[in-house]
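S.K.: Questions regarding the structure given below will be posed in turn.
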Amino acid sequence: MPSQRFAMPSEVPGLAARRIAADILDGVLHKQRTLDEQLDGAAAHPGLKTLSDRDRALMRRLVATILRRLGTLGHLLSRLLDRGVPTDAPRAQSALLIGAAQILWMDVPDHAAVDLSVRLVQSDRRAAKYAGLVNAVLRRCAREGQPLIDEVKSQNLDIPPWLLARWIGAYGETTARQMALAIGHEPSLDITVKADAAQWASRLHGETLPTGTVRTLLQGSVTMLPGFTEGQWWVQDAAAALPARLFGDVGGRTIVDLCAAPGGKTAQLAHAGARVTAVDRSPARMARLRDNLARLSLQADDVVTDGAEWPGQDNGGFDGVLVDAPCTSTGTIRRHPDVAWLRQELDIGALMALQKRLLQKAVALLKPGGTLIYCTCSLEVEEGPRQIANFLERDVPFRRVPIHPTEVGGLAEMLTAEGDLRTLPSHFSALDGIDGFYAARLVRQSA
C-alpha cells in the first residue's frame with residue numbers, strides 16, 4: 001500500500017529528484033520493477049515530467065549509484081545501525097541509501113545530503129518517526145563511512161554472492177573480481193555512427209574504439225547531442241554492436257532479427273543494405289524500434305509476435321537469422337545495475353528453454369548456406385557456449401564458422417578457443433570497460 005505523504009508548502013530544491021529516486025528504488029528493491037520500465041514509456045514514473053533536465057540527470061545518477069553500491073551500502077548501514085534498517089517504512093530505508101550514496105560517492109555537500117534525506121522521511125507518514133535516526137546515522141556516515149567501506153573493498157559486496165560464485169567458477173577468481181570491479185564504474189556513452197567515426201568522435205569529444213564504436217564522456221540528455229535529431233547515430237554499447245557485423249556483407253540479403261527491439265542491431269543491418277524483418281513480442285518495444293528507425297531514416301519490416309512462434313517463411317527463405325536471445329542480461333549490469341538485484345539463479349533454466357526454442361525456429365527460417373548469429377548479453381555459460389554446444393549436438397545441419405580477430409578490431413582476447421565472441425566487462429579496462437556479450441556464428445549446410 002503506498003505511503004501517505006504530508007503536503008509540503010513549498011518544494012525544497014533537489015527534494016523532488018530525491019523523492020522520485022526513492023520511489024524508483026522502492027520499485028526495484030520491493031516490487032521487482034526494472035529501471036527501464038520506471039524511467040521510460042507508458043509505465044514511467046509520472047513525476048519525471050516535472051523535473052528539469054538537471055534534476056532528472058541527478059535522479060538517474062542517484063539511483064544508479066545506489067544500485068551499483070547496494071551491497072557495500074548494506075554493509076555500511078548494518079555497521080551504523082544498532083537494530084538494522086527499519087523494515088516498516090520503506091522510505092526510511094531509501095532515505096538512508098540516498099543520503100549515504102551522496103556522502104560517499106557523489107559531489108554533494110554532506111550537510112545537504114543529510115538535510116534532504118531527513119526531509120524525505122519527514123514527508124512520509126510511516127517514516128516520519130525515523131527522522132532523528134536518519135539524521136544521526138547519516139552524520140555518523142559522514143564522519144566514519146569511508147573507513148568502513150575501505151575495509152571491505154576487496155570483498156566485491158556489490159555483486160550478489162550467487163552470481164560472483166558463478167563467475168569465479170566460469171572465469172577464475174582473478175578475472176571474476178576484475179569483472180566485478182569494472183561493473184562498479186559508471187559507463188561512458190557508446191554510439192554507432194552511420195559514417196565517419198573519427199569526425200563524430202571529434203565532435204562529441206570522444207574517441208573511436210578499435211571495434212569502430214564511438215565512445216564519448218559527454219553528460220546530459222542524449223537527444224540534445226549533435227547528430228541525434230539528424231539521425232546520424234544511435235546509442236549502442238560497443239559489445240552489442242559486434243554481433244550484427246558477424247554476418248559480413250549483407251547488401252541485398254534477407255535477414256530476420258528475431259528479438260529485435262529496441263532496434264540497434266536492426267538499424268545496423270538495415271544501414272548495411274540488408275532487407276530486414278524485425279520481430280519482437282512487445283508492442284511497446286516495437287513502437288520504440290519504429291521511432292528509432294524513423295529518426296535514422298532506415299527501413300525494416302516489423303512483426304509484433306513471439307519470435308519462437310512466428311511462422312515466417314518456414315520453407316527456409318532467409319539468408320540470415322539473428323537471435324539476440326532473451327537472457328539473464330548479467331553482462332549489462334554496468335549499464336543496468338538493477339539486473340544484479342532483480343535476477344535469480346533460478347531464472348536461467350526458463351531462459352535456456354526459450355533460447356532453445358528460438359534456435360529451433362532459426363533452423364526452419366534459414367535456407368541452405370544461410371548464416372545464424374546467436375548472441376546473448378549474459379555472462380552465464382549455460383546461456384552462451386553451452387547453449388550452442390547443446391544445439392550442435394542435436395544433429396542439426398549447421399557448422400560453426402569461427403570469428404577472426406580482424407572482425408572484432410583485432411582484439412583476439414575477445415574470442416574463445418572455439419572461435420566464438422566472448423566480451424567481458426573487464427575488457428577495455430583502460431577505456432572504461434564494455435558489456436559482457438557472447439556470440440556464435442553458424443552456417444546452415446545443404447544436408
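Ligands are numbered from 1 in the order shown, chains are lettered A, B, ... in the order of the C-alpha cells, and residues start at 1 in each chain.
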Can you list, as an NGL selection string, every residue of segment 60-263 of chain A that DSSP puts in helix (DSSP H, G or I)?
M.R.: :A and (60-68 or 70-80 or 90-105 or 110-122 or 128-150 or 153-155 or 161-171 or 173-183 or 197-203 or 222-224 or 243-247)
S.K.: Kindly assemble as a Markdown table a list of the segment 180-228 of chain A residues that lie within 10 Å of segment 54-57 of chain A, each paired with its nearest atom pair and their distance in Å to one decimal, using only C-alpha atoms, sorted first by chain and then by ascending residue number.
M.R.:
```
| residue | atom | partner | partner_atom | distance |
| --- | --- | --- | --- | --- |
| A:Gln219 | CA | A:Ala57 | CA | 8.8 |
| A:Gly220 | CA | A:Ala57 | CA | 6.9 |
| A:Ser221 | CA | A:Ala57 | CA | 8.0 |
```
S.K.: For Leu70 of chain A, which of A:Phe428, A:Ala142, A:Gln93, A:Arg166 is the closest residue, counting only C-alpha atoms?
M.R.: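 Looking only at the distances to Leu70 of chain A, the closest residue turns out to be A:Gln93.
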S.K.: I'd like the contact shell of Leu293 of chain A - 10 Å cut-off, only C-alpha atoms, skipping same-chain residues fewer than 5 positions apart - returned as number ranges by chain.
M.R.: A: 231, 234, 262-264, 266-267, 270-271, 287-288, 298-300
S.K.: Determine which residues of segment 164-340 of chain A DSSP labels as strand (DSSP E) from the backbone of this structure, then write them out as a PyMOL selection string.
M.R.: chain A and resi 189-193+206-208+214-216+233-235+254-257+275-280+301-304+318-324
S.K.: Pull N, CA and C atoms from the residues just selected and write them as a tab-separated table (two decimals), in the first residue's frame.
M.R.:
```
chain	number	residue	atom	x	y	z
A	189	LEU	N	29.12	6.84	-22.67
A	189	LEU	CA	28.09	6.69	-23.70
A	189	LEU	C	28.73	6.15	-24.96
A	190	ASP	N	28.25	5.02	-25.46
A	190	ASP	CA	28.72	4.43	-26.71
A	190	ASP	C	27.68	4.67	-27.80
A	191	ILE	N	28.16	5.00	-28.99
A	191	ILE	CA	27.23	5.20	-30.11
A	191	ILE	C	27.77	4.50	-31.36
A	192	THR	N	26.84	4.05	-32.19
A	192	THR	CA	27.16	3.53	-33.52
A	192	THR	C	26.82	4.61	-34.53
A	193	VAL	N	27.78	4.98	-35.35
A	193	VAL	CA	27.59	6.08	-36.31
A	193	VAL	C	27.37	5.51	-37.71
A	206	GLY	N	34.98	12.56	-27.93
A	206	GLY	CA	35.19	11.17	-27.54
A	206	GLY	C	36.35	10.55	-28.29
A	207	GLU	N	36.28	9.25	-28.47
A	207	GLU	CA	37.32	8.52	-29.19
A	207	GLU	C	36.68	7.35	-29.92
A	208	THR	N	37.37	6.89	-30.94
A	208	THR	CA	36.90	5.72	-31.69
A	208	THR	C	37.59	4.48	-31.12
A	214	VAL	N	32.04	4.69	-31.35
A	214	VAL	CA	32.49	5.97	-30.82
A	214	VAL	C	32.06	6.05	-29.35
A	215	ARG	N	33.01	6.34	-28.49
A	215	ARG	CA	32.74	6.45	-27.05
A	215	ARG	C	32.98	7.89	-26.62
A	216	THR	N	31.96	8.48	-25.98
A	216	THR	CA	32.07	9.86	-25.54
A	216	THR	C	31.84	9.96	-24.03
A	233	TRP	N	23.45	8.84	-35.80
A	233	TRP	CA	23.98	7.79	-34.93
A	233	TRP	C	22.90	7.32	-33.97
A	234	TRP	N	23.18	6.21	-33.32
A	234	TRP	CA	22.26	5.71	-32.28
A	234	TRP	C	23.08	5.15	-31.13
A	235	VAL	N	22.48	5.13	-29.96
A	235	VAL	CA	23.15	4.63	-28.75
A	235	VAL	C	23.21	3.12	-28.80
A	254	THR	N	18.41	-11.04	-47.23
A	254	THR	CA	17.24	-11.02	-46.36
A	254	THR	C	17.65	-11.54	-44.98
A	255	ILE	N	17.43	-10.71	-43.97
A	255	ILE	CA	17.82	-11.06	-42.60
A	255	ILE	C	16.62	-10.87	-41.69
A	256	VAL	N	16.38	-11.82	-40.81
A	256	VAL	CA	15.35	-11.66	-39.79
A	256	VAL	C	16.02	-11.50	-38.44
A	257	ASP	N	15.61	-10.46	-37.73
A	257	ASP	CA	16.07	-10.20	-36.36
A	257	ASP	C	14.95	-10.65	-35.44
A	275	ARG	N	17.78	-6.40	-46.29
A	275	ARG	CA	16.33	-6.31	-46.22
A	275	ARG	C	15.92	-7.02	-44.94
A	276	VAL	N	15.56	-6.23	-43.93
A	276	VAL	CA	15.41	-6.75	-42.57
A	276	VAL	C	13.94	-6.92	-42.21
A	277	THR	N	13.66	-8.05	-41.56
A	277	THR	CA	12.37	-8.25	-40.91
A	277	THR	C	12.63	-8.29	-39.41
A	278	ALA	N	12.07	-7.32	-38.70
A	278	ALA	CA	12.27	-7.22	-37.25
A	278	ALA	C	11.08	-7.82	-36.54
A	279	VAL	N	11.35	-8.77	-35.66
A	279	VAL	CA	10.29	-9.47	-34.93
A	279	VAL	C	10.51	-9.25	-33.43
A	280	ASP	N	9.44	-8.86	-32.72
A	280	ASP	CA	9.52	-8.73	-31.27
A	280	ASP	C	8.12	-8.89	-30.70
A	301	ASP	N	10.84	-4.21	-42.28
A	301	ASP	CA	9.52	-4.75	-42.00
A	301	ASP	C	9.47	-5.13	-40.52
A	302	ASP	N	8.33	-4.97	-39.90
A	302	ASP	CA	8.26	-5.33	-38.48
A	302	ASP	C	7.03	-6.19	-38.21
A	303	VAL	N	7.20	-7.12	-37.27
A	303	VAL	CA	6.15	-8.06	-36.90
A	303	VAL	C	6.11	-8.14	-35.38
A	304	VAL	N	4.94	-7.89	-34.79
A	304	VAL	CA	4.80	-7.99	-33.35
A	304	VAL	C	4.25	-9.37	-33.02
A	318	PHE	N	15.23	-17.27	-45.61
A	318	PHE	CA	16.08	-16.15	-45.23
A	318	PHE	C	17.57	-16.47	-45.41
A	319	ASP	N	18.30	-15.42	-45.79
A	319	ASP	CA	19.76	-15.56	-45.91
A	319	ASP	C	20.44	-15.55	-44.55
A	320	GLY	N	19.80	-14.90	-43.58
A	320	GLY	CA	20.41	-14.81	-42.26
A	320	GLY	C	19.37	-14.66	-41.17
A	321	VAL	N	19.67	-15.19	-40.00
A	321	VAL	CA	18.82	-15.03	-38.83
A	321	VAL	C	19.70	-14.57	-37.67
A	322	LEU	N	19.27	-13.48	-37.03
A	322	LEU	CA	19.93	-13.01	-35.82
A	322	LEU	C	19.05	-13.36	-34.63
A	323	VAL	N	19.57	-14.15	-33.72
A	323	VAL	CA	18.85	-14.49	-32.49
A	323	VAL	C	19.59	-13.81	-31.34
A	324	ASP	N	19.13	-12.61	-31.00
A	324	ASP	CA	19.64	-11.89	-29.82
A	324	ASP	C	18.71	-12.29	-28.69
```
S.K.: Would you kindly return, as JSON, numbers by chain, each protein, DNA or RNA residue with an atom no farther than 9 Å from any atom of segment 146-155 of chain A, considering only C-alpha atoms and excluding same-chain residues fewer than 3 positions away?
M.R.: {"A": [72, 73, 75, 76, 79, 104, 141, 142, 143, 158, 177]}
S.K.: Could you check the closest approach to Glu309 of chain A for each of A:Ala100, A:Ala362, A:Ala131, A:Ala274 and tell me which residue wins, using only C-alpha atoms?
M.R.: A:Ala362
S.K.: I'd like the neighbourhood of segment 32-42 of chain A as a PDB file with C-alpha atoms, in the first residue's frame, where a residue qualifies if any of its atoms comes within 10 Å (using only C-alpha atoms), though same-chain residues fewer than 4 positions away should be ignored.
M.R.:
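Written file, out.pdb:
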```
ATOM      1  CA  ASP A  23      10.073   5.800  -5.408  1.00  0.00           C
ATOM      2  CA  ILE A  24      12.104   4.155  -8.171  1.00  0.00           C
ATOM      3  CA  LEU A  25      14.411   2.414  -5.696  1.00  0.00           C
ATOM      4  CA  ASP A  26      11.340   1.073  -3.921  1.00  0.00           C
ATOM      5  CA  GLY A  27      10.086  -0.196  -7.280  1.00  0.00           C
ATOM      6  CA  VAL A  28      13.304  -2.141  -7.902  1.00  0.00           C
ATOM      7  CA  PRO A  46       4.690  10.345 -13.667  1.00  0.00           C
ATOM      8  CA  LEU A  48       9.653  12.581 -14.233  1.00  0.00           C
ATOM      9  CA  ARG A  56      16.391  14.211 -13.968  1.00  0.00           C
ATOM     10  CA  ARG A  60      19.195   8.822 -12.525  1.00  0.00           C
ATOM     11  CA  VAL A  63      19.517   5.523  -8.395  1.00  0.00           C
ATOM     12  CA  ALA A  64      22.336   4.024 -10.468  1.00  0.00           C
ATOM     13  CA  ALA A 284       5.669  -1.005 -26.764  1.00  0.00           C
ATOM     14  CA  ARG A 285       9.239  -2.002 -27.559  1.00  0.00           C
ATOM     15  CA  ARG A 288      10.234   2.317 -29.917  1.00  0.00           C
ATOM     16  CA  HIS A 336      21.626  -1.680 -15.930  1.00  0.00           C
ATOM     17  CA  PRO A 337      22.607  -2.112 -12.265  1.00  0.00           C
ATOM     18  CA  ASP A 338      19.110  -3.223 -11.298  1.00  0.00           C
ATOM     19  CA  VAL A 339      19.741  -6.531 -13.125  1.00  0.00           C
ATOM     20  CA  TRP A 341      19.253  -7.443  -7.791  1.00  0.00           C
ATOM     21  CA  LEU A 342      16.282  -8.498  -9.924  1.00  0.00           C
ATOM     22  CA  ARG A 343      17.698 -11.704 -11.381  1.00  0.00           C
TER      23      ARG A 343
END
```
S.K.: Quick one: residues within 6 Å of Ser117 of chain A, only C-alpha atoms, excluding same-chain residues fewer than 2 positions away - as a list in words?
M.R.: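 My list of contacting residues is Ala95, Gly99, Val114, Asp115, Arg119 and Leu120 of chain A.
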S.K.: Which residues, written as an NGL selection string, have at least one atom at most 10 Å from Asn156 of chain A, with only C-alpha atoms counted and residues fewer than 3 positions away on the same chain left out?
M.R.: :A and (69 or 71-72 or 152-153 or 159-161 or 164 or 176-181 or 184)
S.K.: Take the residues from that selection and write them out as a JSON list (two decimals), in the first residue's frame, keeping N, CA and C atoms.
M.R.:
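Output file result.json is given in full below:
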```
[["chain", "number", "residue", "atom", "x", "y", "z"],
["A", 69, "ARG", "N", 26.23, 0.16, -5.76],
["A", 69, "ARG", "CA", 26.93, 0.04, -4.47],
["A", 69, "ARG", "C", 26.04, -0.56, -3.39],
["A", 71, "GLY", "N", 25.40, -3.57, -2.16],
["A", 71, "GLY", "CA", 25.98, -4.48, -1.18],
["A", 71, "GLY", "C", 26.85, -3.75, -0.17],
["A", 72, "THR", "N", 27.67, -2.83, -0.66],
["A", 72, "THR", "CA", 28.52, -2.04, 0.23],
["A", 72, "THR", "C", 27.68, -1.15, 1.14],
["A", 152, "VAL", "N", 36.21, -3.19, 3.29],
["A", 152, "VAL", "CA", 35.55, -4.30, 2.58],
["A", 152, "VAL", "C", 35.66, -4.17, 1.06],
["A", 153, "LYS", "N", 36.52, -3.27, 0.59],
["A", 153, "LYS", "CA", 36.64, -3.05, -0.87],
["A", 153, "LYS", "C", 36.99, -4.33, -1.61],
["A", 159, "ILE", "N", 28.25, -7.35, -5.97],
["A", 159, "ILE", "CA", 27.73, -8.41, -6.84],
["A", 159, "ILE", "C", 27.10, -9.47, -5.93],
["A", 160, "PRO", "N", 25.85, -9.87, -6.18],
["A", 160, "PRO", "CA", 25.24, -10.89, -5.33],
["A", 160, "PRO", "C", 26.13, -12.12, -5.22],
["A", 161, "PRO", "N", 26.24, -12.71, -4.03],
["A", 161, "PRO", "CA", 27.15, -13.84, -3.83],
["A", 161, "PRO", "C", 26.94, -14.99, -4.81],
["A", 164, "LEU", "N", 28.59, -13.91, -8.17],
["A", 164, "LEU", "CA", 30.04, -13.87, -8.11],
["A", 164, "LEU", "C", 30.61, -15.28, -8.08],
["A", 176, "ALA", "N", 37.05, -12.87, -12.49],
["A", 176, "ALA", "CA", 35.73, -12.57, -11.93],
["A", 176, "ALA", "C", 35.78, -11.30, -11.09],
["A", 177, "ARG", "N", 36.82, -11.13, -10.31],
["A", 177, "ARG", "CA", 36.92, -9.95, -9.46],
["A", 177, "ARG", "C", 37.24, -8.70, -10.30],
["A", 178, "GLN", "N", 37.98, -8.88, -11.38],
["A", 178, "GLN", "CA", 38.21, -7.76, -12.29],
["A", 178, "GLN", "C", 36.89, -7.33, -12.95],
["A", 179, "MET", "N", 36.05, -8.31, -13.30],
["A", 179, "MET", "CA", 34.74, -8.01, -13.86],
["A", 179, "MET", "C", 33.89, -7.23, -12.87],
["A", 180, "ALA", "N", 33.88, -7.69, -11.62],
["A", 180, "ALA", "CA", 33.09, -7.02, -10.58],
["A", 180, "ALA", "C", 33.57, -5.59, -10.38],
["A", 181, "LEU", "N", 34.87, -5.38, -10.43],
["A", 181, "LEU", "CA", 35.42, -4.04, -10.28],
["A", 181, "LEU", "C", 35.00, -3.14, -11.44],
["A", 184, "GLY", "N", 31.46, -1.76, -11.33],
["A", 184, "GLY", "CA", 31.20, -0.72, -10.35],
["A", 184, "GLY", "C", 31.37, 0.70, -10.85]]
```
